[in-house]
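Raw contents of my_file_22.cif, mmCIF, C-alpha atoms (C1' of nucleotides):
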data_start
loop_
_atom_site.label_atom_id
_atom_site.label_comp_id
_atom_site.auth_asym_id
_atom_site.auth_seq_id
_atom_site.Cartn_x
_atom_site.Cartn_y
_atom_site.Cartn_z
CA MET A 9 15.30 -4.84 -38.44
CA PRO A 10 18.59 -3.97 -36.74
CA ARG A 11 19.10 -5.03 -33.18
CA ALA A 12 18.91 -2.63 -30.33
CA GLY A 13 22.00 -4.06 -28.64
CA LEU A 14 20.41 -4.22 -25.22
CA ASP A 15 21.56 -6.14 -22.20
CA PRO A 16 20.14 -6.41 -18.69
CA ALA A 17 22.30 -3.62 -17.34
CA ALA A 18 21.18 -1.21 -20.05
CA VAL A 19 17.53 -2.08 -19.47
CA VAL A 20 17.88 -1.60 -15.73
CA ALA A 21 19.71 1.70 -16.18
CA ALA A 22 17.04 2.95 -18.54
CA GLY A 23 14.36 1.76 -16.15
CA ALA A 24 15.96 3.61 -13.28
CA ALA A 25 16.21 6.78 -15.36
CA LEU A 26 12.61 6.49 -16.45
CA ALA A 27 11.48 5.90 -12.87
CA ASP A 28 13.28 9.08 -11.87
CA GLU A 29 11.38 10.99 -14.53
CA VAL A 30 7.85 9.65 -14.25
CA GLY A 31 7.87 8.29 -10.71
CA PHE A 32 8.40 4.73 -9.61
CA ALA A 33 4.71 3.94 -9.39
CA ALA A 34 4.18 5.01 -12.99
CA LEU A 35 7.04 2.96 -14.37
CA SER A 36 5.61 0.56 -16.95
CA MET A 37 7.12 -2.02 -19.24
CA GLY A 38 5.50 -0.32 -22.21
CA GLN A 39 7.07 3.05 -21.56
CA LEU A 40 10.43 1.48 -20.83
CA ALA A 41 10.30 -0.51 -24.06
CA GLU A 42 9.52 2.61 -26.04
CA ARG A 43 12.37 4.40 -24.28
CA VAL A 44 14.93 1.80 -25.27
CA GLY A 45 13.54 1.45 -28.79
CA VAL A 46 12.04 -2.01 -28.60
CA ARG A 47 8.60 -3.62 -28.37
CA THR A 48 7.37 -4.47 -24.91
CA PRO A 49 7.76 -8.26 -24.96
CA SER A 50 11.39 -7.96 -26.01
CA LEU A 51 12.25 -6.64 -22.57
CA TYR A 52 11.57 -10.08 -21.19
CA LYS A 53 14.72 -11.31 -22.91
CA HIS A 54 16.72 -9.25 -20.45
CA VAL A 55 14.62 -9.17 -17.31
CA VAL A 56 12.42 -11.94 -16.00
CA ASN A 57 9.45 -9.72 -15.16
CA GLN A 58 8.56 -6.38 -13.68
CA ASP A 59 9.29 -7.45 -10.14
CA ASP A 60 12.76 -8.54 -11.23
CA LEU A 61 13.24 -5.17 -12.92
CA ASN A 62 12.17 -3.38 -9.77
CA ARG A 63 14.56 -5.38 -7.65
CA ARG A 64 17.44 -4.69 -9.99
CA ILE A 65 16.64 -0.98 -9.97
CA ALA A 66 16.56 -1.11 -6.18
CA ALA A 67 19.95 -2.81 -6.03
CA LEU A 68 21.38 -0.25 -8.43
CA ALA A 69 20.00 2.60 -6.35
CA LEU A 70 21.37 1.23 -3.10
CA ALA A 71 24.78 0.71 -4.66
CA GLU A 72 24.81 4.24 -6.06
CA ALA A 73 23.68 5.68 -2.74
CA ALA A 74 26.41 3.76 -0.95
CA ASP A 75 28.99 5.12 -3.39
CA ALA A 76 27.73 8.66 -2.96
CA VAL A 77 27.73 8.51 0.82
CA GLY A 78 31.07 6.73 0.91
CA ALA A 79 32.72 9.24 -1.35
CA ALA A 80 31.29 12.16 0.61
CA THR A 81 32.76 11.01 3.90
CA GLN A 82 36.28 10.35 2.58
CA GLY A 83 38.76 12.25 4.68
CA ARG A 84 36.18 13.67 7.04
CA ALA A 85 35.28 12.84 10.62
CA GLY A 86 32.84 13.82 13.33
CA ARG A 87 30.21 16.40 12.52
CA ASP A 88 31.87 17.07 9.16
CA ALA A 89 31.50 13.49 8.09
CA LEU A 90 27.94 13.31 9.39
CA ALA A 91 26.90 16.43 7.48
CA ALA A 92 28.64 15.30 4.30
CA ALA A 93 27.03 11.87 4.44
CA ALA A 94 23.61 13.29 5.16
CA ARG A 95 23.79 15.83 2.34
CA ALA A 96 25.10 13.28 -0.13
CA PHE A 97 22.34 10.88 0.79
CA ARG A 98 19.58 13.46 0.50
CA ASP A 99 21.00 14.79 -2.76
CA PHE A 100 20.96 11.31 -4.16
CA VAL A 101 17.36 10.70 -3.15
CA LEU A 102 16.22 14.06 -4.50
CA THR A 103 17.98 13.65 -7.83
CA HIS A 104 16.96 10.02 -8.19
CA PRO A 105 13.56 9.78 -6.52
CA GLY A 106 12.21 7.02 -8.73
CA ARG A 107 15.02 4.55 -8.31
CA TYR A 108 15.23 5.25 -4.59
CA ALA A 109 11.52 4.60 -4.26
CA ALA A 110 12.21 1.17 -5.73
CA THR A 111 14.21 0.35 -2.61
CA ILE A 112 11.25 0.88 -0.30
CA GLY A 113 9.50 -2.32 0.51
CA VAL A 114 11.82 -4.73 -1.29
CA GLU A 115 13.09 -7.57 0.79
CA PRO A 116 16.29 -9.38 -0.11
CA THR A 117 15.77 -13.07 -0.74
CA GLY A 118 18.96 -13.95 1.09
CA PRO A 119 22.37 -12.65 2.09
CA ASP A 120 23.69 -13.02 -1.47
CA ASP A 121 20.87 -11.06 -3.04
CA PRO A 122 22.40 -7.98 -4.73
CA ILE A 123 19.88 -5.94 -2.79
CA ALA A 124 21.29 -7.22 0.49
CA VAL A 125 24.90 -6.62 -0.48
CA ALA A 126 24.21 -3.12 -1.78
CA GLY A 127 22.19 -2.38 1.33
CA SER A 128 25.07 -3.53 3.48
CA ARG A 129 27.42 -1.28 1.57
CA LEU A 130 25.19 1.67 2.35
CA LEU A 131 25.21 0.74 6.01
CA VAL A 132 28.98 0.46 5.98
CA ALA A 133 29.16 3.95 4.54
CA PHE A 134 27.06 5.28 7.39
CA THR A 135 29.01 3.25 9.92
CA ALA A 136 32.12 5.18 8.93
CA VAL A 137 30.39 8.33 10.12
CA LEU A 138 29.79 6.85 13.53
CA ARG A 139 33.47 6.14 14.05
CA GLY A 140 33.87 9.84 14.71
CA TYR A 141 31.64 9.60 17.77
CA ASP A 142 32.43 7.91 21.03
CA LEU A 143 29.77 5.21 21.07
CA ALA A 144 29.62 2.04 23.11
CA PRO A 145 29.77 -0.98 20.78
CA ASP A 146 26.30 -2.14 21.75
CA GLN A 147 24.92 1.20 20.65
CA LEU A 148 26.32 1.04 17.12
CA ASP A 149 23.36 -0.76 15.62
CA HIS A 150 20.91 1.56 17.29
CA ALA A 151 22.79 4.63 16.13
CA LEU A 152 22.98 3.26 12.61
CA ARG A 153 19.25 2.73 12.51
CA ALA A 154 18.67 6.19 13.92
CA LEU A 155 20.81 7.76 11.21
CA ARG A 156 19.16 5.77 8.48
CA SER A 157 15.67 6.49 9.79
CA SER A 158 16.18 10.22 10.16
CA PHE A 159 17.75 10.85 6.79
CA HIS A 160 15.59 8.38 4.95
CA GLY A 161 12.52 9.95 6.50
CA PHE A 162 13.51 13.48 5.69
CA ALA A 163 14.61 12.73 2.15
CA THR A 164 11.54 10.70 1.24
CA LEU A 165 9.16 13.21 2.79
CA GLN A 166 10.81 16.06 0.94
CA SER A 167 10.90 14.05 -2.27
CA ALA A 168 7.16 13.45 -1.94
CA HIS A 169 6.56 17.15 -1.23
CA GLY A 170 5.53 16.24 2.27
CA PHE A 171 6.72 19.53 3.73
CA GLN A 172 4.13 22.12 3.01
CA TRP A 173 4.50 25.07 5.25
CA SER A 174 6.80 27.95 5.27
CA ALA A 175 10.30 27.42 6.61
CA ASP A 176 13.15 26.70 4.22
CA VAL A 177 13.58 22.99 3.66
CA ASP A 178 17.36 23.12 3.32
CA ASP A 179 17.58 24.96 6.63
CA SER A 180 15.42 22.28 8.21
CA PHE A 181 17.76 19.61 6.94
CA GLU A 182 20.81 21.34 8.37
CA TRP A 183 18.91 21.68 11.61
CA LEU A 184 18.22 17.94 11.58
CA ILE A 185 21.91 17.24 11.03
CA ASP A 186 22.71 19.38 14.06
CA LEU A 187 20.08 17.65 16.13
CA VAL A 188 21.51 14.24 15.32
CA ASP A 189 25.05 15.47 15.92
CA ARG A 190 24.15 16.83 19.33
CA GLY A 191 22.34 13.62 20.18
CA LEU A 192 25.28 11.46 19.14
CA ARG A 193 27.75 13.54 21.10
CA THR A 194 25.79 13.20 24.33
CA THR A 195 25.35 9.44 24.44
CA SER A 196 26.73 7.59 27.41
CA PRO A 197 30.25 7.11 26.07
CA ALA A 198 32.04 3.84 25.45
CA GLN A 199 33.71 2.39 28.53
CA ALA A 200 37.46 2.81 28.41
CA MET B 29 -31.12 -8.52 -5.00
CA PRO B 30 -31.03 -6.67 -1.69
CA ARG B 31 -28.87 -3.61 -1.40
CA ALA B 32 -25.58 -3.69 0.41
CA GLY B 33 -26.24 -0.41 2.17
CA LEU B 34 -22.86 1.06 1.36
CA ASP B 35 -21.78 4.65 1.53
CA PRO B 36 -18.45 6.32 0.80
CA ALA B 37 -17.28 6.11 4.40
CA ALA B 38 -17.95 2.38 4.57
CA VAL B 39 -16.13 1.78 1.30
CA VAL B 40 -13.15 3.81 2.43
CA ALA B 41 -13.04 2.06 5.81
CA ALA B 42 -13.16 -1.34 4.15
CA GLY B 43 -10.49 -0.23 1.69
CA ALA B 44 -8.24 0.89 4.51
CA ALA B 45 -8.73 -2.39 6.35
CA LEU B 46 -8.02 -4.37 3.19
CA ALA B 47 -4.91 -2.31 2.49
CA ASP B 48 -3.68 -3.12 5.98
CA GLU B 49 -4.13 -6.82 5.27
CA VAL B 50 -2.80 -7.23 1.75
CA GLY B 51 -0.56 -4.19 1.46
CA PHE B 52 -1.37 -0.88 -0.12
CA ALA B 53 0.22 -1.75 -3.44
CA ALA B 54 -1.93 -4.86 -3.76
CA LEU B 55 -5.19 -3.07 -2.99
CA SER B 56 -7.52 -3.60 -5.93
CA MET B 57 -11.07 -2.57 -6.70
CA GLY B 58 -11.97 -6.18 -7.37
CA GLN B 59 -10.86 -7.43 -3.98
CA LEU B 60 -12.48 -4.50 -2.24
CA ALA B 61 -15.76 -5.11 -4.05
CA GLU B 62 -15.75 -8.75 -3.03
CA ARG B 63 -14.98 -7.72 0.53
CA VAL B 64 -17.99 -5.44 0.77
CA GLY B 65 -20.25 -7.87 -1.07
CA VAL B 66 -20.77 -6.02 -4.30
CA ARG B 67 -19.63 -6.22 -7.94
CA THR B 68 -16.64 -4.13 -8.87
CA PRO B 69 -18.36 -1.40 -10.91
CA SER B 70 -20.75 -0.69 -8.08
CA LEU B 71 -17.93 0.81 -6.07
CA TYR B 72 -17.88 3.70 -8.49
CA LYS B 73 -21.20 4.86 -7.06
CA HIS B 74 -19.38 5.76 -3.86
CA VAL B 75 -15.89 6.68 -4.97
CA VAL B 76 -14.93 8.41 -8.17
CA ASN B 77 -11.99 6.17 -9.00
CA GLN B 78 -9.07 4.38 -7.42
CA ASP B 79 -7.07 7.53 -6.96
CA ASP B 80 -9.97 9.08 -5.09
CA LEU B 81 -10.20 5.97 -2.93
CA ASN B 82 -6.48 6.18 -2.16
CA ARG B 83 -6.74 9.81 -1.20
CA ARG B 84 -9.65 9.16 1.10
CA ILE B 85 -7.79 6.30 2.73
CA ALA B 86 -4.81 8.61 3.18
CA ALA B 87 -6.95 11.29 4.79
CA LEU B 88 -8.48 8.71 7.11
CA ALA B 89 -5.06 7.40 8.08
CA LEU B 90 -3.70 10.86 8.82
CA ALA B 91 -6.72 11.72 10.93
CA GLU B 92 -6.43 8.49 12.89
CA ALA B 93 -2.71 9.01 13.38
CA ALA B 94 -3.36 12.54 14.62
CA ASP B 95 -5.92 11.23 17.09
CA ALA B 96 -3.57 8.53 18.33
CA VAL B 97 -0.67 10.92 18.81
CA GLY B 98 -2.87 13.58 20.33
CA ALA B 99 -4.42 11.16 22.82
CA ALA B 100 -1.03 9.78 23.78
CA THR B 101 0.39 13.14 24.74
CA GLN B 102 -2.54 14.22 26.88
CA GLY B 103 -1.30 15.19 30.30
CA ARG B 104 2.36 14.58 29.52
CA ALA B 105 5.22 16.94 28.86
CA GLY B 106 8.91 16.88 27.97
CA ARG B 107 10.56 13.56 27.34
CA ASP B 108 7.44 11.76 28.52
CA ALA B 109 5.31 13.42 25.89
CA LEU B 110 7.91 12.84 23.21
CA ALA B 111 8.18 9.14 23.97
CA ALA B 112 4.41 8.72 24.18
CA ALA B 113 3.89 10.49 20.86
CA ALA B 114 6.62 8.53 19.14
CA ARG B 115 5.36 5.18 20.40
CA ALA B 116 1.77 5.98 19.52
CA PHE B 117 2.80 7.03 16.05
CA ARG B 118 4.90 3.95 15.40
CA ASP B 119 2.24 1.66 16.84
CA PHE B 120 -0.26 3.18 14.49
CA VAL B 121 1.96 2.71 11.45
CA LEU B 122 2.79 -0.87 12.39
CA THR B 123 -0.80 -1.84 13.02
CA HIS B 124 -2.10 -0.01 9.95
CA PRO B 125 0.70 -0.28 7.42
CA GLY B 126 -1.53 -0.29 4.36
CA ARG B 127 -3.50 2.84 5.10
CA TYR B 128 -0.40 4.67 6.26
CA ALA B 129 1.35 3.75 3.02
CA ALA B 130 -1.50 5.51 1.24
CA THR B 131 -0.31 8.78 2.77
CA ILE B 132 3.13 8.55 1.16
CA GLY B 133 3.28 10.51 -2.02
CA VAL B 134 -0.18 12.04 -1.95
CA GLU B 135 -0.27 15.76 -2.39
CA PRO B 136 -3.22 17.80 -1.14
CA THR B 137 -4.95 19.73 -3.89
CA GLY B 138 -5.32 22.76 -1.66
CA PRO B 139 -5.64 23.89 1.94
CA ASP B 140 -9.20 22.57 2.19
CA ASP B 141 -8.34 19.11 0.95
CA PRO B 142 -9.15 16.64 3.76
CA ILE B 143 -5.63 15.33 3.33
CA ALA B 144 -4.22 18.75 4.16
CA VAL B 145 -6.45 19.27 7.18
CA ALA B 146 -5.73 15.82 8.58
CA GLY B 147 -2.03 16.35 7.96
CA SER B 148 -2.19 19.61 9.83
CA ARG B 149 -3.87 17.91 12.73
CA LEU B 150 -1.04 15.43 12.92
CA LEU B 151 1.44 18.29 12.95
CA VAL B 152 -0.47 20.03 15.70
CA ALA B 153 -0.28 16.85 17.74
CA PHE B 154 3.49 16.80 17.36
CA THR B 155 3.72 20.50 18.06
CA ALA B 156 2.27 19.86 21.51
CA VAL B 157 5.30 17.72 22.25
CA LEU B 158 7.66 20.55 21.41
CA ARG B 159 6.06 22.84 23.94
CA GLY B 160 7.90 20.90 26.61
CA TYR B 161 11.24 21.96 25.18
CA ASP B 162 12.74 25.40 25.27
CA LEU B 163 12.93 26.17 21.57
CA ALA B 164 13.31 29.52 19.86
CA PRO B 165 10.17 30.25 17.82
CA ASP B 166 12.08 30.21 14.54
CA GLN B 167 13.22 26.67 15.29
CA LEU B 168 9.74 25.25 15.76
CA ASP B 169 9.20 24.37 12.12
CA HIS B 170 12.60 22.78 11.86
CA ALA B 171 12.08 20.75 15.00
CA LEU B 172 8.66 19.64 13.79
CA ARG B 173 10.12 18.42 10.53
CA ALA B 174 12.89 16.65 12.38
CA LEU B 175 10.40 14.83 14.57
CA ARG B 176 8.22 13.87 11.67
CA SER B 177 11.18 12.73 9.58
CA SER B 178 12.75 10.60 12.26
CA PHE B 179 9.63 8.80 13.38
CA HIS B 180 8.18 8.50 9.90
CA GLY B 181 11.48 7.11 8.68
CA PHE B 182 11.82 4.59 11.47
CA ALA B 183 8.24 3.42 11.32
CA THR B 184 8.13 3.02 7.56
CA LEU B 185 11.49 1.25 7.44
CA GLN B 186 10.43 -1.15 10.16
CA SER B 187 7.05 -1.67 8.54
CA ALA B 188 8.83 -2.58 5.29
CA HIS B 189 11.18 -4.93 7.16
CA GLY B 190 14.02 -2.61 6.35
CA PHE B 191 15.96 -3.52 9.49
CA GLN B 192 17.66 -6.80 8.92
CA TRP B 193 20.42 -7.33 11.32
CA SER B 194 20.58 -8.35 14.89
CA ALA B 195 19.78 -5.71 17.48
CA ASP B 196 16.27 -5.51 18.91
CA VAL B 197 14.11 -3.12 16.94
CA ASP B 198 12.13 -1.88 19.93
CA ASP B 199 15.37 -1.06 21.71
CA SER B 200 16.51 0.86 18.66
CA PHE B 201 13.32 2.89 18.68
CA GLU B 202 13.73 3.80 22.34
CA TRP B 203 17.31 4.74 21.55
CA LEU B 204 16.07 7.01 18.74
CA ILE B 205 13.63 8.66 21.12
CA ASP B 206 16.51 9.33 23.51
CA LEU B 207 18.65 10.70 20.71
CA VAL B 208 15.96 13.14 19.67
CA ASP B 209 15.26 14.11 23.25
CA ARG B 210 18.92 14.88 23.91
CA GLY B 211 19.12 16.83 20.68
CA LEU B 212 16.05 18.88 21.52
CA ARG B 213 17.27 19.66 25.02
CA THR B 214 20.57 21.04 23.77
CA THR B 215 19.34 23.52 21.20
CA SER B 216 20.26 27.13 21.64
CA PRO B 217 17.33 28.09 23.87
CA ALA B 218 14.71 30.69 23.19
CA GLN B 219 15.74 34.26 24.10
CA ALA B 220 14.01 35.38 27.27
"C1'" DG C 23 -49.19 4.26 -4.64
"C1'" DC C 24 -46.13 7.42 -7.60
"C1'" DT C 25 -42.02 9.21 -8.84
"C1'" DA C 26 -37.29 10.18 -9.06
"C1'" DA C 27 -32.87 9.56 -7.33
"C1'" DA C 28 -29.66 6.26 -5.73
"C1'" DA C 29 -27.40 1.84 -5.88
"C1'" DG C 30 -26.79 -2.26 -7.86
"C1'" DC C 31 -25.98 -5.19 -12.10
"C1'" DT C 32 -24.14 -6.90 -16.88
"C1'" DA C 33 -21.55 -5.91 -20.89
"C1'" DA C 34 -17.86 -4.01 -22.92
"C1'" DA C 35 -13.67 -1.08 -23.78
"C1'" DC C 36 -9.11 -0.22 -22.76
"C1'" DC C 37 -4.53 -0.65 -20.70
"C1'" DC C 38 -0.91 -3.41 -18.87
"C1'" DA C 39 1.96 -7.53 -17.92
"C1'" DT C 40 3.08 -11.72 -19.58
"C1'" DT C 41 3.58 -16.07 -22.60
"C1'" DA C 42 3.99 -18.63 -26.99
"C1'" DG C 43 5.97 -19.17 -31.03
"C1'" DC C 44 8.23 -17.43 -35.16
"C1'" DG C 45 12.02 -15.12 -37.92
"C1'" DA C 46 16.21 -12.57 -38.19
"C1'" DT C 47 20.84 -11.64 -36.64
"C1'" DC C 48 25.19 -12.34 -34.74
"C1'" DA C 49 29.33 -14.81 -32.86
"C1'" DC C 50 31.90 -18.46 -33.49
"C1'" DC C 51 34.07 -22.29 -35.85
"C1'" DG C 52 35.18 -25.00 -39.67
"C1'" DC D 19 33.87 -17.68 -46.70
"C1'" DG D 20 29.87 -20.65 -45.24
"C1'" DG D 21 27.37 -23.02 -41.68
"C1'" DT D 22 25.13 -23.25 -37.26
"C1'" DG D 23 23.21 -22.49 -32.90
"C1'" DA D 24 22.16 -19.29 -29.53
"C1'" DT D 25 20.35 -14.86 -28.87
"C1'" DC D 26 17.31 -11.03 -29.71
"C1'" DG D 27 13.43 -9.03 -31.42
"C1'" DC D 28 8.78 -9.36 -33.36
"C1'" DT D 29 3.62 -10.43 -33.76
"C1'" DA D 30 -0.27 -12.53 -31.76
"C1'" DA D 31 -2.84 -13.77 -28.01
"C1'" DT D 32 -4.23 -14.38 -22.92
"C1'" DG D 33 -5.62 -12.78 -18.59
"C1'" DG D 34 -6.36 -9.48 -15.09
"C1'" DG D 35 -7.33 -4.76 -13.67
"C1'" DT D 36 -9.77 -0.23 -14.04
"C1'" DT D 37 -13.30 2.27 -15.80
"C1'" DT D 38 -17.59 3.71 -18.63
"C1'" DA D 39 -22.30 2.95 -20.51
"C1'" DG D 40 -26.68 1.76 -19.98
"C1'" DC D 41 -30.29 -0.96 -17.75
"C1'" DT D 42 -33.02 -2.54 -13.56
"C1'" DT D 43 -34.36 -2.42 -8.96
"C1'" DT D 44 -34.81 -0.56 -4.67
"C1'" DT D 45 -35.92 3.11 -1.65
"C1'" DA D 46 -37.18 7.75 0.23
"C1'" DG D 47 -40.41 11.27 0.06
"C1'" DC D 48 -44.80 13.03 -1.21
#

For the structure just supplied, provide its representation as structure tokens.
Amino acid sequence: MPRAGLDPAAVVAAGAALADEVGFAALSMGQLAERVGVRTPSLYKHVVNQDDLNRRIAALALAEAADAVGAATQGRAGRDALAAAARAFRDFVLTHPGRYAATIGVEPTGPDDPIAVAGSRLLVAFTAVLRGYDLAPDQLDHALRALRSSFHGFATLQSAHGFQWSADVDDSFEWLIDLVDRGLRTTSPAQA
Amino acid sequence: MPRAGLDPAAVVAAGAALADEVGFAALSMGQLAERVGVRTPSLYKHVVNQDDLNRRIAALALAEAADAVGAATQGRAGRDALAAAARAFRDFVLTHPGRYAATIGVEPTGPDDPIAVAGSRLLVAFTAVLRGYDLAPDQLDHALRALRSSFHGFATLQSAHGFQWSADVDDSFEWLIDLVDRGLRTTSPAQA
DNA sequence: GCTAAAAGCTAAACCCATTAGCGATCACCG
DNA sequence: CGGTGATCGCTAATGGGTTTAGCTTTTAGC
């Protein structure tokens, strides 16, 4: 019996891909094992248990999302950067719904948890967008949470087919970007 | 052995309460059966299976959320109505995290599905808020989705402890309400 | 009181995650 | 080239969860 040549990273990557296909809730060790060409218990040589797998998938997803958002905002500022970040984020969630779902409800165990560091990287990517707006320093955290909430909410609702009625969903997303842009531009500005 | 006197509504209500306590993902038929004083298989006399239970919990949660939002906006308009609706919605999600989680990812089977009708009621409740803003009719759907996305996103992230760093979460929510309010007040207004 | 449907129960099947323990393989070192 | 220990994969088995089958008891209506 030849070896499969697996390692934790390969298992996690396959798990993330499988989650994207079948949905995070339906991700099972059995299916994943079959996918990577191994019997179920063998997965436990690379991953401590399903919760560990989920957490690693979540960390991977957050890191990938941070990369996508970061790359999208390179060389842009203001509304341009906001729109690029928002579109990159939503695209990522829509193309990788399973792995992104893994990020919902996980709590980092501490500041060194890969989940925490990847999450921070995503926040940093969004922070870059805010530099293009004239915000008071004490409003940065609030604005960051507002961005994250709005785009997370839209992307997850769309990914779950939560928008049922008529209007075009892409138009709605552009409209949301405009709404946020207008809101950010009319804050009480930073004191000089 | 005396009867427990259950019916579907009682089972669903107990399931929703249990989900709020232990988390939606941890909701199990065994725990629910124990909670209502019955052996596990007996639950299947009132509910066809776990998926059916989840869907009924989701419909209940959406209906309750619609009631809460609707009641909060009574007699208010403009920013007042927006803030009242947003706070009522977030309060509901935070006090009933388990049952609200049941609504994520469920798809109504058709327009008569209780999930669809309760979801529509929630949208109607939010639509009332928008009447206080001067929006072109073709922007109503977009604005509705923006509202739902923002508040859904914030509430679910907070409920999942997704906000880790320093600033006060309640302050951030009020800031989000302001952001949305400013954005809604600066749309290109409806043509007279 | 009789009857039939409803609601509960036990027993059992099946699926999934996980652990224990065994054999094969591979990397490294002489 | 051979030995050796760690690593990887396997089979077997356990335990918990959902769900079905079939039986018994209660209860509502006549």

Q.
For a quick check: superposing chain A on chain B using all C-alpha atoms in order, what RMSD comes out?
A. 0.1 Å

(Q) Would you pick out the contacts of DT47 (chain C) at 10 Å or less, using all atoms listed in the file, so that residues sharing its chain but fewer than 6 positions from it are not included, and give the list as a VMD selection string? (A) (chain A and resid 9 to 11) or (chain D and resid 25 to 27)

Q: Convert the output of the PyMOL selection byres ((chain B) within 10 of (chain D)) on the shown file into explicit residues, formatted as a ChimeraX atom specification.
A: /B:29-31,56-58,68-69,72,76-78

Q. Region 180-189 of chain A: which residues within 10 Å, counting all atoms listed in the file, same-chain residues fewer than 2 positions away excluded, as a PyMOL selection string?
A. (chain A and resi 86-88+90-95+98+141+151+154-155+158-159+162-163+166+175-178+191-194) or (chain B and resi 167-175+177-178+204+207-215)

Q) Quick one: which residues from chain B are at most 8 Å off chain C, using all atoms listed in the file, as a PyMOL selection string? A) chain B and resi 31+66-67+70+73

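Put simply, the PyMOL selection byres ((chain B and resi 37) around 10) on this file hits Leu34, Asp35, Pro36, Ala38, Val39, Val40, Ala41, Ala42, Gly43, His74, Val75, Arg84, Ile85 and Leu88 of chain B.
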